[in-house]
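Each remark here refers to the structure printed beneath this line.
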Amino acid sequence: MRITSIPHIYRNVKRWTEIVSVLSKYGLADWISRLNVDFFKDRLKDRDGEALARHTPEKRIRQALTELGPTFIKLGQLLSTRPDLVGVELAEELKQLQADVPADPPDLVCSLVEEELGQPVSELFAEFDDIPMASASIGQVHAARLASGEQVVVKVQHAGIEETVREDLDVLAGLALLAERVPELAAYRPSATVAEMGRVLRRELDFGREERNLQQFCVRYKEDPTVRIPQPFTEYCTARVLTMERVDGISLEERVRLLAEGYDLEEIARRGARLYLDMIFEYGIYHADPHPGNLVVLPGNRIGLLDFGMVGRLEERLREDIEEMLLAITGHDVSLLTAVIVRIGETPPDLEERALAVDVADFLSDYATQPMEQLNLGTALSDMTQIIHRHKIKLPAQVAMLLKTLITLEGTGKLLSPTFSLLELLQPLHRRMLFRRLSPGRQWRKFMRFYVETERLAEILPRRLTEILEQIQAGKFDVHLYHRALEPSVNRLVLGMLTSALFLGSSWLLGNQVPPLLFPDNVYLGFHQISILGLSGCVISILMGLRVLRAIGKSGHLDSKD
């Protein structure tokens, strides 16, 4: 254990105890499940009275996160967007996580609103419903009406949630430091993953970010009659309170009601998909959570978007890489898809590109014979993500979020219309993608980037070369080499030499009967006048020799012919 992990454990001891208790219970259930003995399997039960050992490992992980509370539930929801890290099966299971967080009492909510906005609730709003419309892990939503008459919803942060999240993230950081010591977990880069999830959680705690997201989308789509974005009321917004226009419509989850009221579900699905594809590939900023509960239908097949807490952004270069990836999938181009995956992902040092190319070829061949209108893009992207996870390639967070958005979008479209195909709607974009790549504007931007980088290089290079030549002339030029595999070998060599020296010296002490002596006057089992220092040195040297042999054996290079 690292010294730096001690403060994480020392702080929040009570929370550490709770977490270790829950993880121990579910870890024990996982171990019992492998025994295949029915008597033991039924001993540990979940909250519903079902035997934990009879659940799948993925379900046990979801139940453990649920039992650990809101922060861990939110963490699980965020990990569900990273199948490249946790695998497709676990990501699918984590999508079922629901934060059943009790609502704060009305007096506490009113107190927080008044503290944030600086006025009594009765003066801020003509009406304010104490009973929340919904309560999630970060906050709860209340219906209200402004003095000017607008119907609004007020999103209020749970009291003490910032301290709870800080405490849990501190504990998670400590767990990640410990997980780095486990070879099976180190491959998932737990510290980096927890740090990334922490940044996302802290951003969600700031309602000001969601307010700015709403403003940005309102400006972009104010002239579009097919889209409705809730307008935020800035004077009633802070980092912990968000007041926005109320958008009443029929949720996409209510398919039967939509059909009963005569809505064209096929048109709604296609219109919503085009909206998202334009946001992603035209503007590079998109609503990143298109599940049916966040989309409502208004009269005239108009689509309303809710909950802008999660918004994805793509820079131009990354967007072009995503376009290449989709073009490679639809064009069944193995070499291009492999190259794009390696280029945009963080690859492990031992990546076998040939094995990756074989898996990509098998993946594309599975979809090569399917008609374009029947090909399920969501399934294809899930399969591709599974390949990426198998080869331990870590995708950038923006790419992982985009893939999750496209998969969710196709699922939402198929909920409305079983014949919906997102890939079919992508086909018209192909020509636009190609034209955009060849457009004079894009070529000019690339030229300007190249010019700026070349200009900077031209400014730096002569000075750097001059400094190097001066150091060489003065005899101060040093070359520092670092070999990652050399340090353990040197350590073993030094330990082996010390072991040999200790053994030889101890043998001399034994042979010359150097005092203090064991059995100086008597003979015991044939031993007489044994040097205690020599005997001790021989025993220690033998133990050190066994330690060296064990280290060499574990490295696998004792009899290697390479």
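Quick note on naming: the chains in the structure tokens go A, B, ... in the order shown, residues restart at 1 in each chain, and ligands are numbered from 1 in order of appearance.
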Practice problem: With a distance cut-off of 12 Å and only C-alpha atoms, select the neighbouring residues of Glu211 of chain A, excluding the residue or stretch itself and same-chain residues fewer than 3 positions from it, and output the selection as a ChimeraX atom specification. | Solution: /A:154-155,203-204,206-208,214-218,229-245,307-311
Practice problem: Report the residues of segment 219-262 of chain A whose backbone DSSP state falls under helix (DSSP H, G or I), written as a PyMOL selection string. | Solution: chain A and resi 219-220+234-236+255-260
Exercise. Would you please work out which residue, of A:Asp333, A:Glu261, A:Glu455, A:Glu346, is nearest to Val360 of chain A when using only C-alpha atoms?
Key: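 Nearest candidate to Val360 of chain A out of A:Asp333, A:Glu261, A:Glu455, A:Glu346: A:Asp333.
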Quiz item: Near segment 378-386 of chain A, counting only C-alpha atoms, which residues have an atom at most 7 Å away, once you skip same-chain residues fewer than 3 positions from it, shown as a PyMOL selection string?
Solution: chain A and resi 83-84+87-88+389-390+403+406-407+410
Quiz item: Where does DSSP see strand (DSSP E or B) in segment 147-181 of chain A, if you list the residues as a ChimeraX atom specification?
Solution: /A:151-157
Generate the output file for the selected residues, N, CA, C and O atoms, as a tab-separated table (two decimals), in the first residue's frame.
```tsv
chain	number	residue	atom	x	y	z
A	151	GLN	N	-45.33	29.24	-16.45
A	151	GLN	CA	-45.22	27.96	-15.76
A	151	GLN	C	-43.77	27.48	-15.87
A	151	GLN	O	-43.21	27.41	-16.96
A	152	VAL	N	-43.16	27.13	-14.73
A	152	VAL	CA	-41.75	26.75	-14.73
A	152	VAL	C	-41.57	25.48	-13.89
A	152	VAL	O	-42.48	25.05	-13.17
A	153	VAL	N	-40.38	24.90	-14.03
A	153	VAL	CA	-39.96	23.84	-13.11
A	153	VAL	C	-38.69	24.33	-12.43
A	153	VAL	O	-37.84	24.98	-13.04
A	154	VAL	N	-38.57	24.02	-11.15
A	154	VAL	CA	-37.42	24.45	-10.36
A	154	VAL	C	-36.65	23.21	-9.92
A	154	VAL	O	-37.19	22.36	-9.20
A	155	LYS	N	-35.43	23.12	-10.36
A	155	LYS	CA	-34.56	21.99	-10.00
A	155	LYS	C	-33.70	22.43	-8.81
A	155	LYS	O	-32.93	23.38	-8.91
A	156	VAL	N	-33.86	21.73	-7.69
A	156	VAL	CA	-33.20	22.11	-6.44
A	156	VAL	C	-32.24	20.99	-6.04
A	156	VAL	O	-32.62	19.81	-6.01
A	157	GLN	N	-31.03	21.36	-5.72
A	157	GLN	CA	-30.02	20.37	-5.31
A	157	GLN	C	-30.35	19.83	-3.92
A	157	GLN	O	-30.79	20.56	-3.05
```
Quiz item: Can you tell me, as a list of chain:residue names, what residues are no more than 6 Å from segment 293-305 of chain A when counting only C-alpha atoms, ignoring any on the same chain fewer than 4 positions away?
Solution: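 The residues that qualify are A:Thr226, A:Val227, A:Arg228, A:Ile229, A:Gly249, A:Ile250, A:Ser251, A:Leu252.
Distances here use only C-alpha atoms; by that measure, the residue among A:Leu75, A:Leu108, A:Leu402, A:Ile393 closest to Ala91 of chain A is A:Leu75.
One distance worth recording is that between atom CA of Asp278 of chain A and atom CA of Pro440 of chain A, which is 20.7 Å.
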12 Å contact set for Val121 of chain A, only C-alpha atoms, chain neighbours under 6 positions out, as a CSV table (one decimal) with C-alpha atoms, in the first residue's frame:
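Result file follows (out.csv):
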```
chain,number,residue,atom,x,y,z
A,106,PRO,CA,-40.4,21.1,2.0
A,107,ASP,CA,-38.9,23.4,4.7
A,108,LEU,CA,-35.4,22.3,3.8
A,109,VAL,CA,-36.1,22.9,0.1
A,110,CYS,CA,-37.6,26.3,0.7
A,111,SER,CA,-34.7,27.2,2.9
A,112,LEU,CA,-32.1,26.3,0.3
A,113,VAL,CA,-34.1,28.2,-2.5
A,114,GLU,CA,-34.3,31.3,-0.3
A,115,GLU,CA,-30.6,31.1,0.6
A,127,GLU,CA,-47.1,29.3,-6.8
A,128,PHE,CA,-44.6,26.7,-5.6
A,129,ASP,CA,-45.5,23.0,-5.2
A,130,ASP,CA,-43.9,21.5,-2.1
A,144,ALA,CA,-43.9,26.5,-9.9
A,145,ARG,CA,-45.4,29.6,-11.5
A,146,LEU,CA,-43.6,32.9,-11.7
A,147,ALA,CA,-45.3,36.2,-10.7
A,154,VAL,CA,-37.4,24.5,-10.4
A,236,TYR,CA,-33.8,32.5,-10.8
```
Exercise. Would you kindly return, as an MDAnalysis selection string, each protein, DNA or RNA residue with an atom no farther than 10 Å from any atom of Phe363 of chain A, considering only C-alpha atoms and excluding same-chain residues fewer than 3 positions away?
Key: chainID A and resid 329 332 334 357:360 366:368 380 383:384 387
Output file for the residues above (N, CA and C atoms, as a compact mmCIF listing (two decimals), in the first residue's frame):
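So result-v2.txt came out as:
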```txt
# COMPACT_ATOMS: atom_id res chain seq x y z
N ILE A 329 -17.39 1.36 -41.25
CA ILE A 329 -18.37 0.31 -40.91
C ILE A 329 -19.32 0.08 -42.08
N HIS A 332 -17.43 -1.41 -45.03
CA HIS A 332 -16.76 -2.69 -44.75
C HIS A 332 -15.26 -2.61 -45.05
N VAL A 334 -11.82 -2.87 -43.57
CA VAL A 334 -11.16 -3.40 -42.38
C VAL A 334 -9.95 -2.55 -41.99
N ALA A 357 -6.99 -6.55 -36.13
CA ALA A 357 -7.48 -6.50 -37.52
C ALA A 357 -8.32 -7.74 -37.84
N VAL A 358 -7.93 -8.91 -37.31
CA VAL A 358 -8.71 -10.13 -37.54
C VAL A 358 -10.09 -10.01 -36.92
N ASP A 359 -10.15 -9.49 -35.68
CA ASP A 359 -11.44 -9.31 -35.01
C ASP A 359 -12.31 -8.29 -35.75
N VAL A 360 -11.69 -7.22 -36.23
CA VAL A 360 -12.43 -6.21 -36.99
C VAL A 360 -12.97 -6.81 -38.29
N ASP A 366 -19.70 -10.06 -40.40
CA ASP A 366 -21.01 -10.42 -39.84
C ASP A 366 -22.12 -9.52 -40.37
N TYR A 367 -21.75 -8.27 -40.75
CA TYR A 367 -22.76 -7.32 -41.20
C TYR A 367 -22.71 -7.08 -42.71
N ALA A 368 -21.74 -7.72 -43.40
CA ALA A 368 -21.57 -7.45 -44.84
C ALA A 368 -22.74 -7.94 -45.67
N ALA A 380 -24.31 -3.04 -33.97
CA ALA A 380 -22.98 -3.01 -34.58
C ALA A 380 -21.99 -2.25 -33.69
N ASP A 383 -21.12 -4.31 -30.61
CA ASP A 383 -20.16 -5.36 -30.93
C ASP A 383 -18.76 -4.79 -31.12
N MET A 384 -18.67 -3.64 -31.76
CA MET A 384 -17.37 -3.01 -31.97
C MET A 384 -16.76 -2.58 -30.62
N ILE A 387 -15.14 -5.49 -28.94
CA ILE A 387 -13.81 -5.77 -29.49
C ILE A 387 -12.78 -4.82 -28.88
```
Exercise. Provide the atom CA of Gly149 of chain A to atom CA of Asn213 of chain A distance in Å, to one decimal place.
Key: 24.3 Å
Practice problem: Pick out the residues sitting within 7 Å of Ile532 of chain A, and hand them over as a list of chain:residue names; count only C-alpha atoms, and ignore anything fewer than 6 positions along from it in its own chain. | Solution: A:Pro516, A:Leu517, A:Leu518
